[in-house]
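Shown next: run-v3.txt, given as compact mmCIF, C-alpha atoms and all ligand atoms.
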# COMPACT_ATOMS: atom_id res chain seq x y z
CA LEU A 1 0.00 0.00 0.00
CA ASN A 2 1.21 3.46 -0.84
CA GLY A 3 1.22 6.23 1.73
CA ILE A 4 -1.24 9.03 1.08
CA ILE A 5 -1.54 12.61 2.28
CA ILE A 6 -4.27 13.33 4.83
CA ALA A 7 -5.18 16.99 5.44
CA ILE A 8 -7.18 17.82 8.56
CA ASP A 9 -8.59 21.32 8.93
CA GLY A 10 -11.15 22.86 11.21
CA PRO A 11 -11.83 25.44 13.91
CA ALA A 12 -9.94 25.78 17.20
CA ALA A 13 -10.04 22.98 19.76
CA ALA A 14 -11.99 20.59 17.53
CA GLY A 15 -9.61 17.74 18.43
CA LYS A 16 -7.65 17.88 15.17
CA SER A 17 -4.21 17.31 16.66
CA THR A 18 -5.36 14.56 19.04
CA ILE A 19 -6.95 12.69 16.13
CA ALA A 20 -4.17 13.44 13.64
CA LYS A 21 -1.52 12.13 16.04
CA LYS A 22 -3.38 8.87 16.59
CA ILE A 23 -3.95 8.33 12.89
CA ALA A 24 -0.29 8.95 12.14
CA GLN A 25 0.66 6.39 14.81
CA LYS A 26 -1.74 3.77 13.49
CA LEU A 27 -0.65 4.19 9.88
CA ASN A 28 3.00 4.83 10.72
CA TYR A 29 2.78 8.20 8.96
CA THR A 30 4.54 11.50 9.65
CA TYR A 31 2.45 13.95 11.66
CA ILE A 32 2.86 17.68 11.07
CA ASP A 33 1.17 20.19 13.38
CA THR A 34 1.13 23.45 11.43
CA GLY A 35 -0.57 25.36 14.26
CA ALA A 36 2.55 24.67 16.33
CA MET A 37 4.62 26.47 13.68
CA TYR A 38 2.50 29.64 13.89
CA ARG A 39 2.60 29.33 17.68
CA ALA A 40 6.39 29.01 17.64
CA LEU A 41 6.79 32.22 15.65
CA THR A 42 4.31 34.00 17.94
CA HIS A 43 6.19 32.84 21.04
CA LYS A 44 9.52 34.08 19.75
CA ALA A 45 7.97 37.41 18.67
CA ILE A 46 6.49 37.95 22.14
CA GLN A 47 9.82 37.07 23.77
CA LEU A 48 11.60 39.64 21.60
CA ASP A 49 8.87 42.25 21.97
CA ILE A 50 8.14 42.30 18.26
CA ASN A 51 4.90 43.91 17.12
CA LEU A 52 2.46 41.14 16.15
CA ASN A 53 0.88 43.48 13.61
CA SER A 54 4.10 44.14 11.70
CA ASP A 55 4.21 42.02 8.59
CA HIS A 56 7.76 43.16 7.88
CA ASP A 57 9.18 42.44 11.34
CA LEU A 58 7.48 39.07 11.66
CA THR A 59 8.66 37.97 8.23
CA ALA A 60 12.24 38.99 9.02
CA LEU A 61 11.99 37.12 12.31
CA LEU A 62 10.66 33.99 10.62
CA GLU A 63 13.48 34.10 8.06
CA ASN A 64 15.91 33.98 10.97
CA THR A 65 14.16 31.33 13.02
CA ASP A 66 14.60 27.59 12.91
CA ILE A 67 11.32 25.84 13.74
CA HIS A 68 11.72 22.11 14.05
CA LEU A 69 8.97 19.58 14.77
CA LYS A 70 10.27 16.41 16.31
CA PRO A 71 8.42 13.22 17.32
CA ASP A 72 8.51 12.82 21.10
CA GLY A 73 6.84 9.61 22.23
CA ASP A 74 3.10 10.04 21.66
CA ASN A 75 3.58 13.76 21.18
CA GLN A 76 5.33 16.22 18.93
CA ALA A 77 8.07 18.39 20.40
CA VAL A 78 8.56 21.89 18.99
CA LEU A 79 12.10 23.24 18.91
CA ILE A 80 12.71 26.93 18.31
CA ASP A 81 16.35 27.54 17.35
CA GLY A 82 17.18 24.22 18.95
CA ILE A 83 15.38 24.88 22.25
CA ASP A 84 12.36 22.80 23.27
CA CYS A 85 9.40 25.18 23.61
CA SER A 86 6.61 22.59 23.44
CA GLU A 87 4.99 23.85 26.65
CA GLU A 88 5.57 27.56 26.12
CA ILE A 89 3.82 27.67 22.74
CA ARG A 90 0.56 26.54 24.45
CA SER A 91 0.57 29.50 26.86
CA HIS A 92 -2.40 31.77 27.16
CA GLU A 93 -0.42 34.69 25.78
CA VAL A 94 0.63 32.80 22.66
CA THR A 95 -2.91 31.48 22.09
CA ALA A 96 -4.24 35.04 22.35
CA GLY A 97 -1.69 36.41 19.83
CA VAL A 98 -1.31 33.66 17.26
CA SER A 99 -4.30 34.51 15.06
CA ALA A 100 -2.93 38.04 14.52
CA VAL A 101 0.42 36.59 13.44
CA ALA A 102 -1.35 34.16 11.10
CA THR A 103 -3.12 36.94 9.16
CA HIS A 104 0.09 38.20 7.48
CA MET A 105 0.48 37.17 3.86
CA SER A 106 4.28 37.02 3.75
CA VAL A 107 4.38 35.02 6.99
CA ARG A 108 1.91 32.54 5.54
CA LYS A 109 3.86 32.29 2.31
CA LEU A 110 7.02 31.24 4.16
CA MET A 111 5.12 28.88 6.45
CA VAL A 112 3.43 27.19 3.50
CA GLU A 113 6.82 26.68 1.81
CA LYS A 114 8.18 25.03 4.95
CA GLN A 115 5.07 22.89 5.33
CA ARG A 116 5.24 21.66 1.74
CA GLU A 117 8.89 20.71 2.22
CA LEU A 118 7.94 18.70 5.31
CA ALA A 119 5.29 16.85 3.30
CA THR A 120 7.47 15.75 0.40
CA GLY A 121 7.47 12.09 1.43
CA THR A 122 4.32 10.02 1.30
CA GLY A 123 2.43 8.98 4.37
CA VAL A 124 1.67 12.36 5.92
CA VAL A 125 -1.02 13.64 8.27
CA MET A 126 -1.01 17.43 8.46
CA ASP A 127 -3.43 19.50 10.50
CA GLY A 128 -4.22 23.20 10.49
CA ARG A 129 -6.66 25.67 8.94
CA ASP A 130 -5.67 25.87 5.27
CA ILE A 131 -4.07 22.49 4.55
CA GLY A 132 -6.74 21.17 2.17
CA THR A 133 -7.41 24.56 0.59
CA ALA A 134 -3.91 26.05 0.23
CA VAL A 135 -0.96 24.00 1.53
CA LEU A 136 -1.68 20.56 0.07
CA PRO A 137 -4.63 20.95 -2.30
CA LYS A 138 -3.82 17.58 -3.88
CA ALA A 139 -4.13 15.64 -0.61
CA GLU A 140 -5.87 12.31 -1.23
CA LEU A 141 -8.02 12.74 1.86
CA LYS A 142 -9.29 16.03 3.27
CA ILE A 143 -11.17 16.12 6.53
CA PHE A 144 -12.96 19.17 7.89
CA MET A 145 -13.33 18.48 11.59
CA THR A 146 -15.78 20.43 13.70
CA ALA A 147 -17.70 20.22 16.97
CA SER A 148 -20.12 22.61 18.64
CA VAL A 149 -18.40 25.51 20.38
CA ASP A 150 -19.78 24.35 23.76
CA GLU A 151 -18.28 20.91 23.25
CA ARG A 152 -14.93 22.36 22.16
CA ALA A 153 -14.77 24.69 25.16
CA GLU A 154 -15.60 21.80 27.50
CA ARG A 155 -12.88 19.60 26.00
CA ARG A 156 -10.34 22.41 26.32
CA PHE A 157 -11.48 22.98 29.93
CA ILE A 158 -10.81 19.33 30.82
CA GLU A 159 -7.48 19.35 28.97
CA ASN A 160 -6.43 22.52 30.85
CA GLU A 161 -7.49 21.03 34.17
CA SER A 162 -5.24 18.04 33.59
CA ARG A 163 -2.36 20.47 33.02
CA GLY A 164 -3.18 22.35 36.22
CA ILE A 165 -4.58 25.40 34.44
CA TYR A 166 -7.93 26.88 35.43
CA THR A 167 -9.72 29.15 32.96
CA PRO A 168 -13.49 29.61 33.37
CA LEU A 169 -15.52 27.74 30.77
CA GLU A 170 -17.27 30.87 29.53
CA GLN A 171 -13.92 32.59 28.95
CA LEU A 172 -12.61 29.60 27.00
CA LYS A 173 -15.73 29.67 24.86
CA GLN A 174 -15.26 33.36 24.08
CA GLU A 175 -11.58 32.89 23.25
CA ILE A 176 -12.34 30.01 20.90
CA GLU A 177 -15.06 32.01 19.16
CA LYS A 178 -12.77 34.99 18.78
CA ARG A 179 -9.96 32.90 17.27
CA ASP A 180 -12.40 31.16 14.88
CA GLN A 181 -13.72 34.52 13.76
CA SER A 182 -10.26 35.91 13.08
CA ASP A 183 -9.17 32.72 11.28
CA SER A 184 -12.34 32.62 9.15
CA GLU A 185 -12.42 36.29 8.24
CA ARG A 186 -8.77 36.92 7.34
CA ALA A 187 -8.03 37.78 3.71
CA VAL A 188 -5.30 35.20 3.09
CA SER A 189 -6.24 31.50 3.17
CA PRO A 190 -9.07 31.82 5.66
CA LEU A 191 -10.37 28.80 7.54
CA LYS A 192 -12.83 27.27 5.11
CA MET A 193 -13.92 23.77 4.21
CA ALA A 194 -12.43 22.61 0.89
CA ASP A 195 -15.05 21.65 -1.71
CA ASP A 196 -13.75 18.07 -1.74
CA ALA A 197 -13.35 17.67 2.03
CA VAL A 198 -15.34 15.24 4.17
CA LEU A 199 -17.14 17.00 7.04
CA VAL A 200 -16.72 15.18 10.36
CA ASP A 201 -18.74 16.61 13.24
CA THR A 202 -17.19 15.11 16.37
CA THR A 203 -19.63 16.68 18.86
CA SER A 204 -21.08 13.39 20.05
CA MET A 205 -18.27 11.06 18.97
CA THR A 206 -15.48 9.53 21.06
CA ILE A 207 -11.84 9.94 20.01
CA ASP A 208 -11.68 6.29 18.94
CA GLN A 209 -14.82 6.63 16.83
CA VAL A 210 -13.35 9.61 14.99
CA VAL A 211 -10.01 7.86 14.47
CA ASP A 212 -11.76 4.75 13.10
CA LYS A 213 -13.88 6.83 10.76
CA VAL A 214 -10.89 8.69 9.32
CA ILE A 215 -8.89 5.46 8.95
CA VAL A 216 -11.73 3.88 6.95
CA LEU A 217 -11.85 6.93 4.69
CA ALA A 218 -8.06 6.81 4.29
CA GLU A 219 -8.04 3.12 3.41
CA MET A 220 -10.55 3.77 0.65
CA ARG A 221 -7.99 6.12 -0.92
CA MET A 222 -4.84 4.01 -0.63
O1 LIG A 301 -4.08 24.50 15.61
P1 LIG A 301 -3.78 25.59 16.61
O2 LIG A 301 -4.97 25.95 17.44
O3 LIG A 301 -2.56 25.30 17.44
O4 LIG A 301 -3.42 26.86 15.71
C1 LIG A 301 -3.11 28.11 16.29
C2 LIG A 301 -3.43 29.23 15.31
O5 LIG A 301 -2.51 29.21 14.22
C3 LIG A 301 -4.81 29.22 14.67
O6 LIG A 301 -5.80 29.81 15.49
C4 LIG A 301 -4.58 30.02 13.39
O7 LIG A 301 -4.63 31.41 13.65
C5 LIG A 301 -3.15 29.67 13.03
N1 LIG A 301 -3.05 28.63 12.00
C6 LIG A 301 -3.21 29.00 10.69
N2 LIG A 301 -3.03 28.09 9.68
C7 LIG A 301 -2.72 26.82 9.96
C8 LIG A 301 -2.57 26.40 11.32
C9 LIG A 301 -2.77 27.33 12.31
O8 LIG A 301 -3.51 30.15 10.40
N3 LIG A 301 -2.53 25.95 8.96
What is this structure when it is put down as structure tokens?
Ligand code: C5P
Amino acid sequence: LNGIIIAIDGPAAAGKSTIAKKIAQKLNYTYIDTGAMYRALTHKAIQLDINLNSDHDLTALLENTDIHLKPDGDNQAVLIDGIDCSEEIRSHEVTAGVSAVATHMSVRKLMVEKQRELATGTGVVMDGRDIGTAVLPKAELKIFMTASVDERAERRFIENESRGIYTPLEQLKQEIEKRDQSDSERAVSPLKMADDAVLVDTTSMTIDQVVDKVIVLAEMRM
């Protein structure tokens, strides 16, 4: 069987990375978390006090930044200039700033180049917002993964709790809605379901049910 390319897009906290990781494990594919790349740039920009609205400064920063995704057990480690920042890129501050960084056209152009290079082999699962529409439009399988905003906020709440973080549910819901709005309304490669994507609403599905469903769809395309 030949490896295929699986693109998984969808709004914030829909479970894309959890599912994508498990599928990559089961199929022995490479997993690429593109959100982590935008988060890495945002983290470095915040550290260096760079204006998140400056297309020019962010692009220059990205040109001088090495972002490396590395398998780490069941997870994916994110190295920025060789330093493991896997935890830091999930901070509240980075989450609040990342959608602004992701609106810039020249930032996206460089990111998309990097992402395509990472996907040159076969057997790839890539998740993000514009994978099926812009990064890998020829992907054999495109999934658009959603869940109700209440469900997504609840899942994020439980995930946060397990990491010892407490953010009120209502606040999480508002933050998710705000990020979705920014990601869907930006001019360059907005979050949008590709015409040939399969819509998977995970609201009342378990993780294993979603994984099984995507694997069946993938096997039909191998
Ligand atoms: O997937 P995650 O929630 O970590 O993504 C963080 C942010 O990065 C998104 O809200 C979006 O602004 C941006 N992003 C993007 N395009 C991608 C992946 C992520 O614009 N392919």
**OP:** Around ligand LIG 301 (chain A), at most 7 Å away and counting all atoms listed in the file, which residues are there? Put them as a PyMOL selection string, please.
**Re:** chain A and resi 12-13+34-36+38-39+95+98-100+102-103+127-131+179-180+183
Expected file contents, prior selection, C-alpha atoms, as a PDB file, keeping the file's coordinate frame:
ATOM      1  CA  ALA A  12      -9.940  25.780  17.200  1.00  0.00           C
ATOM      2  CA  ALA A  13     -10.040  22.980  19.760  1.00  0.00           C
ATOM      3  CA  THR A  34       1.130  23.450  11.430  1.00  0.00           C
ATOM      4  CA  GLY A  35      -0.570  25.360  14.260  1.00  0.00           C
ATOM      5  CA  ALA A  36       2.550  24.670  16.330  1.00  0.00           C
ATOM      6  CA  TYR A  38       2.500  29.640  13.890  1.00  0.00           C
ATOM      7  CA  ARG A  39       2.600  29.330  17.680  1.00  0.00           C
ATOM      8  CA  THR A  95      -2.910  31.480  22.090  1.00  0.00           C
ATOM      9  CA  VAL A  98      -1.310  33.660  17.260  1.00  0.00           C
ATOM     10  CA  SER A  99      -4.300  34.510  15.060  1.00  0.00           C
ATOM     11  CA  ALA A 100      -2.930  38.040  14.520  1.00  0.00           C
ATOM     12  CA  ALA A 102      -1.350  34.160  11.100  1.00  0.00           C
ATOM     13  CA  THR A 103      -3.120  36.940   9.160  1.00  0.00           C
ATOM     14  CA  ASP A 127      -3.430  19.500  10.500  1.00  0.00           C
ATOM     15  CA  GLY A 128      -4.220  23.200  10.490  1.00  0.00           C
ATOM     16  CA  ARG A 129      -6.660  25.670   8.940  1.00  0.00           C
ATOM     17  CA  ASP A 130      -5.670  25.870   5.270  1.00  0.00           C
ATOM     18  CA  ILE A 131      -4.070  22.490   4.550  1.00  0.00           C
ATOM     19  CA  ARG A 179      -9.960  32.900  17.270  1.00  0.00           C
ATOM     20  CA  ASP A 180     -12.400  31.160  14.880  1.00  0.00           C
ATOM     21  CA  ASP A 183      -9.170  32.720  11.280  1.00  0.00           C
TER      22      ASP A 183
END
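Using only C-alpha atoms, the shortest contact distance between Leu79 (chain A) and any of A:Leu110, A:Ala60, A:Ala40, A:Ile5 is found at A:Ala40.
CA of Ala7 (chain A) is positioned 15.9 Å from CA of Asp212 (chain A).
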**OP:** Name all residues at most 8 Å from region 146-152 of chain A (count all atoms listed in the file; drop same-chain ones fewer than 3 positions away) and give them as a list in words.
**Re:**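 The residues satisfying every condition are Gly10, Pro11, Ala12, Ala13, Ala14, Gly15, Arg155, Arg156, Lys173, Ile176, Glu177, Leu199, Val200, Asp201, Thr202 and Thr203 of chain A.
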Original post:
Interatomic distance between CA of Asp33 (chain A) and CA of Thr18 (chain A)?
Top reply: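 CA of Thr18 (chain A) lies at a distance of 10.3 Å from CA of Asp33 (chain A).
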Subject >> Å distance separating CA of Phe157 (chain A) from CA of Tyr31 (chain A), one decimal place >> reply: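 Those two atoms sit 24.7 Å apart.
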Subject >> Exercise: Ser91 (chain A) partners within 12 Å, only C-alpha atoms, chain neighbours under 2 positions left out, as a ChimeraX atom specification >> reply: /A:36,39-40,42-43,46,85-89,93-98,160,163,165,167
Save the residues we just selected, C-alpha atoms, as a PDB file, in the frame of the given file?
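Wrote it out as again_18.pdb, contents follow:
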ATOM      1  CA  ALA A  36       2.550  24.670  16.330  1.00  0.00           C
ATOM      2  CA  ARG A  39       2.600  29.330  17.680  1.00  0.00           C
ATOM      3  CA  ALA A  40       6.390  29.010  17.640  1.00  0.00           C
ATOM      4  CA  THR A  42       4.310  34.000  17.940  1.00  0.00           C
ATOM      5  CA  HIS A  43       6.190  32.840  21.040  1.00  0.00           C
ATOM      6  CA  ILE A  46       6.490  37.950  22.140  1.00  0.00           C
ATOM      7  CA  CYS A  85       9.400  25.180  23.610  1.00  0.00           C
ATOM      8  CA  SER A  86       6.610  22.590  23.440  1.00  0.00           C
ATOM      9  CA  GLU A  87       4.990  23.850  26.650  1.00  0.00           C
ATOM     10  CA  GLU A  88       5.570  27.560  26.120  1.00  0.00           C
ATOM     11  CA  ILE A  89       3.820  27.670  22.740  1.00  0.00           C
ATOM     12  CA  GLU A  93      -0.420  34.690  25.780  1.00  0.00           C
ATOM     13  CA  VAL A  94       0.630  32.800  22.660  1.00  0.00           C
ATOM     14  CA  THR A  95      -2.910  31.480  22.090  1.00  0.00           C
ATOM     15  CA  ALA A  96      -4.240  35.040  22.350  1.00  0.00           C
ATOM     16  CA  GLY A  97      -1.690  36.410  19.830  1.00  0.00           C
ATOM     17  CA  VAL A  98      -1.310  33.660  17.260  1.00  0.00           C
ATOM     18  CA  ASN A 160      -6.430  22.520  30.850  1.00  0.00           C
ATOM     19  CA  ARG A 163      -2.360  20.470  33.020  1.00  0.00           C
ATOM     20  CA  ILE A 165      -4.580  25.400  34.440  1.00  0.00           C
ATOM     21  CA  THR A 167      -9.720  29.150  32.960  1.00  0.00           C
TER      22      THR A 167
END
Subject >> Polymer residues at most 8 Å from Lys142 (chain A), all atoms listed in the file, same-chain spacing of 5 or more positions, as a ChimeraX atom specification >> reply: /A:6-9,132,194,196-198
Env of Asn28 (chain A): 12 Å cut, atoms = all atoms listed in the file, seq-sep filter 3 positions within chain, self excluded. Answer as a CSV table (one decimal) with C-alpha atoms, keeping the file's coordinate frame.
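Written out: result_8.csv:
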chain,number,residue,atom,x,y,z
A,2,ASN,CA,1.2,3.5,-0.8
A,3,GLY,CA,1.2,6.2,1.7
A,4,ILE,CA,-1.2,9.0,1.1
A,20,ALA,CA,-4.2,13.4,13.6
A,21,LYS,CA,-1.5,12.1,16.0
A,22,LYS,CA,-3.4,8.9,16.6
A,23,ILE,CA,-4.0,8.3,12.9
A,24,ALA,CA,-0.3,9.0,12.1
A,25,GLN,CA,0.7,6.4,14.8
A,31,TYR,CA,2.4,14.0,11.7
A,71,PRO,CA,8.4,13.2,17.3
A,122,THR,CA,4.3,10.0,1.3
A,123,GLY,CA,2.4,9.0,4.4
A,124,VAL,CA,1.7,12.4,5.9
A,125,VAL,CA,-1.0,13.6,8.3
**OP:** Using all atoms listed in the file, pick whichever of A:Leu61, A:Leu41, A:Ala119, A:Ile143 has the shortest atom-to-atom distance to Met193 (chain A).
**Re:** A:Ile143
**OP:** Return the single residue from A:Val135, A:His92, A:Val211, A:Thr120 that is closest to Tyr166 (chain A), with distances computed using all atoms listed in the file.
**Re:** A:His92
**OP:** Tell me which of A:Val188, A:Ser54, A:Leu118, A:Asp195 sits closest to Pro137 (chain A), counting only C-alpha atoms.
**Re:**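 Closest to Pro137 (chain A), using only C-alpha atoms: A:Asp195.
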Original post:
Out of A:Arg90, A:Leu52, A:Lys213, A:Ser182, which residue has the shortest atom-to-atom distance to Glu159 (chain A) when counting only C-alpha atoms?
Top reply: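 Closest residue, counting only C-alpha atoms: A:Arg90.
Counting all atoms listed in the file, the residue from A:Ala187, A:Met145, A:Met220, A:Ile50 that sits nearest to Met205 (chain A) is A:Met145.
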**OP:** Please identify all polymer residues within 9 Å of Gly82 (chain A), counting all atoms listed in the file, omitting same-chain residues fewer than 3 positions from it, and present them as a list in words.
**Re:** Asp66, Ile67, His68, Val78 and Leu79 of chain A
